[in-house]
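A.B. asks: Pasting upload.txt below, which is compact mmCIF, C-alpha atoms.
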# COMPACT_ATOMS: atom_id res chain seq x y z
CA MET A 1 6.80 10.60 6.90
CA SER A 2 6.49 14.36 6.66
CA ARG A 3 6.16 16.66 9.62
CA PRO A 4 3.35 19.20 9.63
CA PHE A 5 4.55 22.76 9.49
CA ALA A 6 3.59 25.07 12.27
CA GLN A 7 2.65 27.74 9.77
CA GLN A 8 1.24 26.78 6.38
CA PRO A 9 1.61 29.20 3.48
CA THR A 10 -1.48 31.22 2.70
CA PHE A 11 -2.00 32.26 -0.91
CA ASP A 12 -4.58 32.09 -3.65
CA THR A 13 -4.70 28.59 -5.18
CA SER A 14 -8.24 28.67 -6.50
CA PRO A 15 -8.91 26.86 -9.79
CA ALA A 16 -10.09 30.17 -11.31
CA ARG A 17 -6.53 31.45 -10.97
CA HIS A 18 -5.36 28.54 -13.14
CA GLY A 19 -7.66 29.13 -16.07
CA GLY A 20 -10.62 27.29 -14.54
CA SER A 21 -9.08 23.85 -15.11
CA ARG A 22 -9.34 21.88 -11.88
CA TRP A 23 -6.67 19.32 -12.75
CA LEU A 24 -4.17 21.65 -14.36
CA ALA A 25 -4.30 23.64 -11.16
CA TYR A 26 -2.45 20.79 -9.44
CA ALA A 27 0.48 21.25 -11.83
CA SER A 28 1.26 24.30 -9.73
CA PRO A 29 3.90 23.38 -7.13
CA VAL A 30 2.22 25.64 -4.61
CA ARG A 31 -1.09 23.80 -4.93
CA PHE A 32 0.49 20.35 -5.25
CA TYR A 33 2.66 20.69 -2.14
CA PRO A 34 -0.08 20.40 0.53
CA LEU A 35 -2.00 17.84 -1.54
CA ALA A 36 1.08 15.57 -1.68
CA GLY A 37 1.47 15.91 2.08
CA ARG A 38 -2.11 14.80 2.66
CA MET A 39 -1.96 11.89 0.17
CA ALA A 40 1.40 10.31 1.08
CA PRO A 41 0.31 8.67 4.39
CA TRP A 42 -2.67 7.05 2.66
CA PHE A 43 -0.42 5.58 -0.03
CA PHE A 44 2.00 4.29 2.63
CA ALA A 45 -0.92 2.67 4.46
CA ALA A 46 -2.24 1.09 1.25
CA ALA A 47 1.27 -0.21 0.46
CA ALA A 48 1.60 -1.79 3.91
CA LEU A 49 -1.83 -3.45 3.72
CA ALA A 50 -1.25 -4.78 0.20
CA ALA A 51 2.22 -6.07 1.18
CA ILE A 52 0.85 -7.91 4.22
CA ALA A 53 -1.95 -9.46 2.13
CA GLY A 54 0.46 -10.30 -0.72
CA LEU A 55 3.01 -11.94 1.58
CA TRP A 56 0.25 -13.89 3.32
CA VAL A 57 -1.09 -15.21 0.01
CA GLY A 58 2.43 -15.81 -1.31
CA PHE A 59 3.73 -17.78 1.65
CA PHE A 60 0.64 -19.38 3.18
CA VAL A 61 -2.01 -19.73 0.45
CA ALA A 62 -0.22 -20.21 -2.88
CA PRO A 63 0.63 -23.86 -3.60
CA THR A 64 4.10 -25.31 -4.10
CA ASP A 65 5.24 -25.23 -7.72
CA ALA A 66 5.34 -28.66 -9.35
CA GLN A 67 8.72 -28.09 -11.05
CA GLN A 68 10.61 -25.58 -8.91
CA GLY A 69 9.33 -26.48 -5.46
CA GLU A 70 9.34 -23.68 -2.89
CA VAL A 71 12.07 -21.50 -4.37
CA TYR A 72 9.57 -20.16 -6.92
CA ARG A 73 8.19 -17.95 -4.08
CA ILE A 74 10.90 -15.44 -5.01
CA ILE A 75 8.43 -14.59 -7.79
CA PHE A 76 6.41 -12.57 -5.25
CA ILE A 77 9.19 -10.00 -4.98
CA HIS A 78 11.07 -10.50 -8.27
CA VAL A 79 8.22 -9.97 -10.74
CA PRO A 80 6.61 -6.96 -8.97
CA ALA A 81 10.05 -5.32 -8.67
CA ALA A 82 10.84 -5.99 -12.35
CA TRP A 83 7.44 -4.64 -13.49
CA MET A 84 7.85 -1.55 -11.33
CA SER A 85 11.38 -0.93 -12.62
CA MET A 86 10.01 -0.63 -16.16
CA PHE A 87 6.77 1.14 -15.23
CA ILE A 88 8.50 3.78 -13.11
CA TYR A 89 10.95 4.50 -15.94
CA LEU A 90 8.04 4.90 -18.36
CA VAL A 91 6.27 7.31 -16.00
CA MET A 92 9.55 9.16 -15.43
CA ALA A 93 10.07 9.53 -19.17
CA MET A 94 6.50 10.82 -19.58
CA TYR A 95 7.10 13.44 -16.89
CA CYS A 96 10.36 14.41 -18.63
CA ALA A 97 8.54 14.78 -21.96
CA MET A 98 5.93 16.98 -20.27
CA ALA A 99 8.70 19.03 -18.70
CA LEU A 100 10.38 19.58 -22.08
CA VAL A 101 7.19 20.36 -24.00
CA LEU A 102 5.07 22.18 -21.41
CA ARG A 103 8.00 23.51 -19.33
CA THR A 104 6.32 22.50 -16.07
CA ARG A 105 8.82 22.36 -13.24
CA LEU A 106 6.70 19.97 -11.20
CA SER A 107 7.01 17.34 -13.96
CA SER A 108 10.81 17.47 -13.76
CA MET A 109 10.68 17.22 -10.00
CA MET A 110 8.35 14.21 -10.17
CA ALA A 111 10.82 12.52 -12.54
CA SER A 112 13.67 13.27 -10.13
CA ALA A 113 11.61 11.98 -7.21
CA LEU A 114 10.84 8.71 -8.99
CA ALA A 115 14.39 7.92 -10.15
CA PRO A 116 15.87 6.59 -6.85
CA THR A 117 12.85 4.34 -6.26
CA GLY A 118 13.04 3.07 -9.84
CA ALA A 119 16.73 2.28 -9.34
CA LEU A 120 15.87 0.50 -6.08
CA PHE A 121 13.26 -1.73 -7.74
CA THR A 122 15.65 -2.48 -10.62
CA ALA A 123 18.36 -3.54 -8.18
CA ILE A 124 15.86 -5.69 -6.24
CA ALA A 125 14.74 -7.33 -9.51
CA LEU A 126 18.36 -8.09 -10.48
CA ILE A 127 19.41 -9.44 -7.08
CA SER A 128 16.25 -11.51 -6.53
CA GLY A 129 16.60 -12.79 -10.10
CA ALA A 130 20.17 -13.92 -9.39
CA LEU A 131 19.00 -15.61 -6.19
CA TRP A 132 16.29 -17.38 -8.17
CA GLY A 133 18.60 -18.25 -11.06
CA GLU A 134 21.25 -20.04 -9.01
CA PRO A 135 19.01 -22.91 -7.75
CA THR A 136 16.93 -23.17 -10.94
CA TRP A 137 19.38 -22.41 -13.79
CA GLY A 138 22.57 -23.33 -11.94
CA THR A 139 24.07 -19.87 -12.40
CA TRP A 140 23.75 -16.46 -10.74
CA TRP A 141 24.09 -14.52 -13.95
CA VAL A 142 24.16 -14.93 -17.72
CA TRP A 143 24.63 -12.20 -20.30
CA ASP A 144 21.34 -12.94 -22.03
CA ALA A 145 19.10 -10.23 -23.48
CA ARG A 146 16.60 -9.92 -20.60
CA LEU A 147 19.20 -9.72 -17.84
CA THR A 148 21.57 -7.46 -19.74
CA SER A 149 18.84 -4.99 -20.76
CA GLU A 150 17.57 -4.88 -17.16
CA LEU A 151 21.13 -4.14 -15.99
CA LEU A 152 21.25 -1.37 -18.61
CA LEU A 153 18.05 0.03 -17.08
CA LEU A 154 19.80 0.22 -13.70
CA PHE A 155 22.67 2.13 -15.33
CA LEU A 156 20.14 4.50 -16.93
CA TYR A 157 18.60 5.22 -13.54
CA LEU A 158 22.03 5.71 -11.95
CA GLY A 159 23.10 7.89 -14.89
CA PHE A 160 19.97 10.03 -14.46
CA ILE A 161 20.67 10.51 -10.73
CA ALA A 162 24.38 11.18 -11.31
CA LEU A 163 23.73 13.67 -14.13
CA GLU A 164 21.22 15.56 -12.02
CA SER A 165 23.62 15.90 -9.12
CA ALA A 166 26.53 16.80 -11.42
CA ILE A 167 24.87 19.95 -12.81
CA ASP A 168 24.46 22.75 -10.29
CA GLU A 169 21.84 24.80 -12.13
CA PRO A 170 18.49 22.97 -11.66
CA ARG A 171 16.93 24.07 -14.97
CA ARG A 172 19.90 22.82 -17.00
CA ALA A 173 20.02 19.61 -14.98
CA GLU A 174 16.31 19.02 -15.61
CA ARG A 175 16.71 19.45 -19.38
CA ALA A 176 19.78 17.20 -19.58
CA CYS A 177 18.11 14.51 -17.46
CA ALA A 178 14.92 14.74 -19.53
CA VAL A 179 16.86 14.05 -22.73
CA LEU A 180 18.67 11.12 -21.10
CA ALA A 181 15.40 9.66 -19.79
CA LEU A 182 13.70 9.98 -23.19
CA VAL A 183 16.61 8.36 -25.03
CA GLY A 184 16.60 5.56 -22.47
CA THR A 185 12.98 4.61 -23.24
CA VAL A 186 14.37 2.69 -26.24
CA ASN A 187 15.51 0.12 -23.68
CA LEU A 188 11.99 -0.58 -22.36
CA PRO A 189 10.61 -2.55 -25.34
CA VAL A 190 13.96 -4.35 -25.52
CA ILE A 191 13.51 -5.53 -21.92
CA TYR A 192 9.87 -6.48 -22.40
CA PHE A 193 10.18 -8.29 -25.73
CA SER A 194 13.69 -9.69 -25.24
CA VAL A 195 12.33 -13.12 -24.31
CA GLN A 196 10.41 -13.21 -27.62
CA TRP A 197 13.00 -11.63 -29.89
CA TRP A 198 15.97 -13.71 -28.74
CA ASN A 199 16.62 -17.17 -27.36
CA THR A 200 17.16 -16.42 -23.70
CA LEU A 201 17.67 -18.45 -20.56
CA HIS A 202 15.02 -16.29 -18.91
CA GLN A 203 11.53 -17.74 -19.15
CA GLY A 204 8.79 -16.10 -21.20
CA ALA A 205 6.01 -13.97 -19.72
CA SER A 206 3.62 -15.89 -17.45
CA VAL A 207 1.20 -12.95 -17.38
CA SER A 208 0.28 -10.78 -20.35
CA LEU A 209 -2.56 -8.48 -21.32
CA THR A 210 -3.49 -10.55 -24.36
CA ALA A 211 -3.41 -14.13 -23.03
CA ALA A 212 -4.69 -16.03 -20.00
CA PRO A 213 -2.11 -16.35 -17.20
CA SER A 214 -0.17 -19.62 -17.18
CA MET A 215 -0.04 -19.90 -13.40
CA ALA A 216 -2.34 -20.88 -10.52
CA ARG A 217 -4.90 -18.24 -9.54
CA THR A 218 -3.57 -17.90 -5.98
CA MET A 219 -0.02 -17.35 -7.28
CA LEU A 220 -1.35 -14.65 -9.59
CA VAL A 221 -3.34 -12.99 -6.79
CA GLY A 222 -0.27 -12.93 -4.52
CA MET A 223 1.87 -11.46 -7.27
CA LEU A 224 -0.70 -8.78 -8.14
CA LEU A 225 -1.10 -7.84 -4.46
CA MET A 226 2.66 -7.43 -4.13
CA THR A 227 2.71 -5.37 -7.33
CA LEU A 228 -0.01 -3.14 -5.88
CA ALA A 229 2.07 -2.77 -2.71
CA CYS A 230 5.16 -1.76 -4.73
CA TRP A 231 3.08 0.68 -6.76
CA MET A 232 1.55 2.36 -3.70
CA TYR A 233 4.98 2.50 -2.06
CA ALA A 234 6.55 4.13 -5.12
CA ILE A 235 3.82 6.80 -5.24
CA ALA A 236 4.09 7.50 -1.50
CA VAL A 237 7.88 7.83 -1.58
CA ALA A 238 7.76 10.00 -4.71
CA LEU A 239 5.23 12.33 -3.05
CA VAL A 240 7.40 12.74 0.05
CA ARG A 241 10.53 13.23 -2.06
CA VAL A 242 8.90 15.79 -4.34
CA ARG A 243 7.88 17.79 -1.27
CA CYS A 244 11.55 17.83 -0.22
CA LEU A 245 12.56 18.95 -3.70
CA LEU A 246 9.96 21.72 -3.68
CA ARG A 247 11.34 22.98 -0.39
CA GLU A 248 15.00 22.63 -1.44
CA ARG A 249 14.42 24.44 -4.72
CA GLY A 250 12.68 27.41 -3.18
CA LEU A 251 8.99 26.86 -2.68
CA ALA A 252 9.25 29.93 -0.48
CA GLY A 253 10.31 31.95 -3.53
CA VAL A 254 7.33 30.66 -5.50
CA VAL A 255 5.00 31.66 -2.68
CA ASP A 256 6.53 35.11 -2.47
CA ARG A 257 6.13 35.70 -6.21
CA GLN A 258 2.56 34.42 -6.20
CA THR A 259 1.52 36.51 -3.25
CA ASN A 260 3.09 39.51 -4.97
CA GLY A 261 0.93 38.78 -8.03
CA GLU A 262 3.78 37.84 -10.38
CA GLY A 263 2.68 34.24 -10.98
CA ALA A 264 4.63 31.01 -10.67
CA MET B 1 2.94 -22.64 9.00
CA SER B 2 3.37 -25.92 7.19
CA LEU B 3 4.20 -24.14 3.94
CA LEU B 4 6.90 -22.07 5.62
CA SER B 5 8.29 -25.26 7.15
CA SER B 6 8.46 -26.90 3.74
CA VAL B 7 10.30 -23.85 2.34
CA PHE B 8 12.96 -24.34 4.99
CA ALA B 9 12.96 -28.11 4.62
CA GLY B 10 13.40 -27.87 0.85
CA GLY B 11 16.93 -26.51 1.13
CA HIS B 12 16.14 -23.29 -0.71
CA ALA B 13 15.25 -21.27 2.35
CA SER B 14 18.42 -19.21 2.12
CA TYR B 15 17.61 -18.09 -1.44
CA VAL B 16 14.03 -17.09 -0.58
CA ALA B 17 15.11 -15.43 2.67
CA ALA B 18 17.97 -13.59 0.95
CA ALA B 19 15.69 -12.26 -1.83
CA PHE B 20 13.01 -10.97 0.55
CA GLY B 21 15.54 -9.88 3.17
CA CYS B 22 17.53 -7.92 0.61
CA ALA B 23 14.40 -6.18 -0.64
CA PHE B 24 13.27 -5.39 2.90
CA VAL B 25 16.65 -3.98 3.95
CA TRP B 26 16.97 -1.79 0.84
CA ILE B 27 13.44 -0.45 1.16
CA ALA B 28 14.05 0.24 4.86
CA ALA B 29 17.31 2.02 3.96
CA GLU B 30 15.48 4.18 1.41
CA LEU B 31 12.85 5.11 3.99
CA VAL B 32 15.52 5.99 6.59
CA LEU B 33 17.40 8.17 4.08
CA LEU B 34 14.15 9.82 3.00
CA ARG B 35 13.18 10.55 6.60
CA ARG B 36 16.60 12.09 7.19
CA ARG B 37 16.15 14.26 4.10
CA VAL B 38 12.69 15.37 5.23
CA ARG B 39 14.11 16.41 8.61
CA ARG B 40 17.09 18.17 7.04
CA THR B 41 15.09 20.17 4.49
CA PRO B 42 13.96 23.57 5.73
CA GLY B 43 10.22 24.30 5.77
CA PRO B 44 8.51 26.81 3.45
CA GLN B 45 8.49 30.48 4.35
CA PRO B 46 4.98 31.92 4.37
Spit out the file's structure as structure tokens when you get a sec.
C.D. replies:
Amino acid sequence: MSRPFAQQPTFDTSPARHGGSRWLAYASPVRFYPLAGRMAPWFFAAAALAAIAGLWVGFFVAPTDAQQGEVYRIIFIHVPAAWMSMFIYLVMAMYCAMALVLRTRLSSMMASALAPTGALFTAIALISGALWGEPTWGTWWVWDARLTSELLLLFLYLGFIALESAIDEPRRAERACAVLALVGTVNLPVIYFSVQWWNTLHQGASVSLTAAPSMARTMLVGMLLMTLACWMYAIAVALVRVRCLLRERGLAGVVDRQTNGEGA
Amino acid sequence: MSLLSSVFAGGHASYVAAAFGCAFVWIAAELVLLRRRVRRTPGPQP
């Protein structure tokens, strides 16, 4: 996705400069920037391979469902998208918390880079859910707890993106968005446990960490492969987007300060 | 191919196709917008 630059910045990014911690060194935008550029194509490739394998298993290997027939195959896009919508928000909120506590700019930028992809997966989950609901429930939409809380998640993502673009000063925008993202995490357990807490039209979880899956092994494999594809895709897109953000928000300035010995 | 044929024969092909098609189009749109942004963003100054 990204084009190589004719002239790469040259500056000291040795771990010793960052207190000897190898991993904390990558919290530096200057050090993270080239690493993200090298990693993104690999994540895109992994996403493509996992998607091909997942679609193959989903459409050609997994058996027909005894109750729903063939329409259940929407599960291979609906469930991975729904899982990713929640997981990305959780990761985003963690980055926002790190940004507020540790004041690391890269954390805020990672949160910003993840938000559009999170919104995309939420929208896919809602639309594919409606397309699954019509033939199985007889309705496109009901205001039950699972669907409504997932819709609220989409509004949280859109609110995050809108708030960020509404505030001109990046530091202020990052803080405001971080608070919004952290407040919004209240919605995550509501989405996850809604099918247990309330009587909903939406079915209960077929896969959980504490119980054996209530579906055929091939269905599960197809779903997990598609989830892996979505995960790899989200990481790849976030890496490319964070590189754009680093450039838009003055990576050049960071380089200049570092080379002048003033630090990041 | 027999499974794909049965999806289409079952009368629910439009729902399955719409769900996957919608996801594919949106992901493609995101990638196109991202590529445009990458091209538009100026490179770092060494």
A.B. asks: Between atom CA of A:Phe160 and atom CA of A:Cys177, what is the distance, to one decimal in Å?
C.D. replies: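 Taking atom CA of A:Phe160 as the start and atom CA of A:Cys177 as the end point, the length is 5.7 Å.
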A.B. asks: Need to verify the contact set: stretch 46-53 of chain A, 10 Å, all atoms listed in the file, exclusion of same-chain residues closer than 5 positions in sequence. Can you return it as a PDB file with C-alpha atoms, in the frame of the given file?
C.D. replies:
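result_37.pdb written:
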ATOM      1  CA  ALA A  40       1.400  10.310   1.080  1.00  0.00           C
ATOM      2  CA  PRO A  41       0.310   8.670   4.390  1.00  0.00           C
ATOM      3  CA  GLY A  58       2.430 -15.810  -1.310  1.00  0.00           C
ATOM      4  CA  VAL A 221      -3.340 -12.990  -6.790  1.00  0.00           C
ATOM      5  CA  GLY A 222      -0.270 -12.930  -4.520  1.00  0.00           C
ATOM      6  CA  LEU A 224      -0.700  -8.780  -8.140  1.00  0.00           C
ATOM      7  CA  LEU A 225      -1.100  -7.840  -4.460  1.00  0.00           C
ATOM      8  CA  MET A 226       2.660  -7.430  -4.130  1.00  0.00           C
ATOM      9  CA  THR A 227       2.710  -5.370  -7.330  1.00  0.00           C
ATOM     10  CA  LEU A 228      -0.010  -3.140  -5.880  1.00  0.00           C
ATOM     11  CA  ALA A 229       2.070  -2.770  -2.710  1.00  0.00           C
ATOM     12  CA  CYS A 230       5.160  -1.760  -4.730  1.00  0.00           C
ATOM     13  CA  TRP A 231       3.080   0.680  -6.760  1.00  0.00           C
ATOM     14  CA  MET A 232       1.550   2.360  -3.700  1.00  0.00           C
ATOM     15  CA  TYR A 233       4.980   2.500  -2.060  1.00  0.00           C
ATOM     16  CA  ALA A 234       6.550   4.130  -5.120  1.00  0.00           C
ATOM     17  CA  ILE A 235       3.820   6.800  -5.240  1.00  0.00           C
ATOM     18  CA  ALA A 236       4.090   7.500  -1.500  1.00  0.00           C
TER      19      ALA A 236
END
A.B. asks: Up to 12 Å from (13.2, -11.6, -24.2) in the file's coordinates: name the residues, counting only C-alpha atoms, as a ChimeraX atom specification.
C.D. replies: /A:144-150,187-205
A.B. asks: Any idea what the distance is between atom CA of A:Ser206 and atom CA of A:Trp137?
C.D. replies: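 Computing it gives 17.4 Å between the two atoms.
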A.B. asks: Find the residue from A:Gly54, A:Gly250, A:Gly138, A:Gly184 that sits nearest to chain B; use only C-alpha atoms when measuring.
C.D. replies: A:Gly250
A.B. asks: Kindly give the distance, in Å, that separates atom CA of A:Ala216 and atom CA of A:Asp65, rounded to a single decimal.
C.D. replies: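 Atom CA of A:Asp65 lies 9.2 Å from atom CA of A:Ala216.
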A.B. asks: For B:Ala19, which residue among A:Phe155, A:Tyr95, A:Tyr33, A:Phe76 is the nearest when counting only C-alpha atoms?
C.D. replies: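 Of all the options, A:Phe76 lies closest to B:Ala19.
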A.B. asks: Excluding same-chain residues fewer than 4 positions from B:Pro42, what lies within 10 Å of it counting all atoms listed in the file, as a VMD selection string?
C.D. replies: (chain A and resid 244 247 to 248 250) or (chain B and resid 37 to 38)
A.B. asks: Hey, could you pull the box centre and edge lengths for stretch 61-79 of chain A, axis-aligned, 8 Å padding per side, all listed atoms, to one decimal in Å, as AutoDock Vina command-line options?
C.D. replies:
--center_x 5.0 --center_y -19.3 --center_z -5.3 --size_x 30.1 --size_y 34.7 --size_z 27.5
A.B. asks: Using all atoms listed in the file, which of A:Leu106, A:Leu126, A:Ala93, A:Ala173 sits nearest chain B?
C.D. replies: A:Leu126
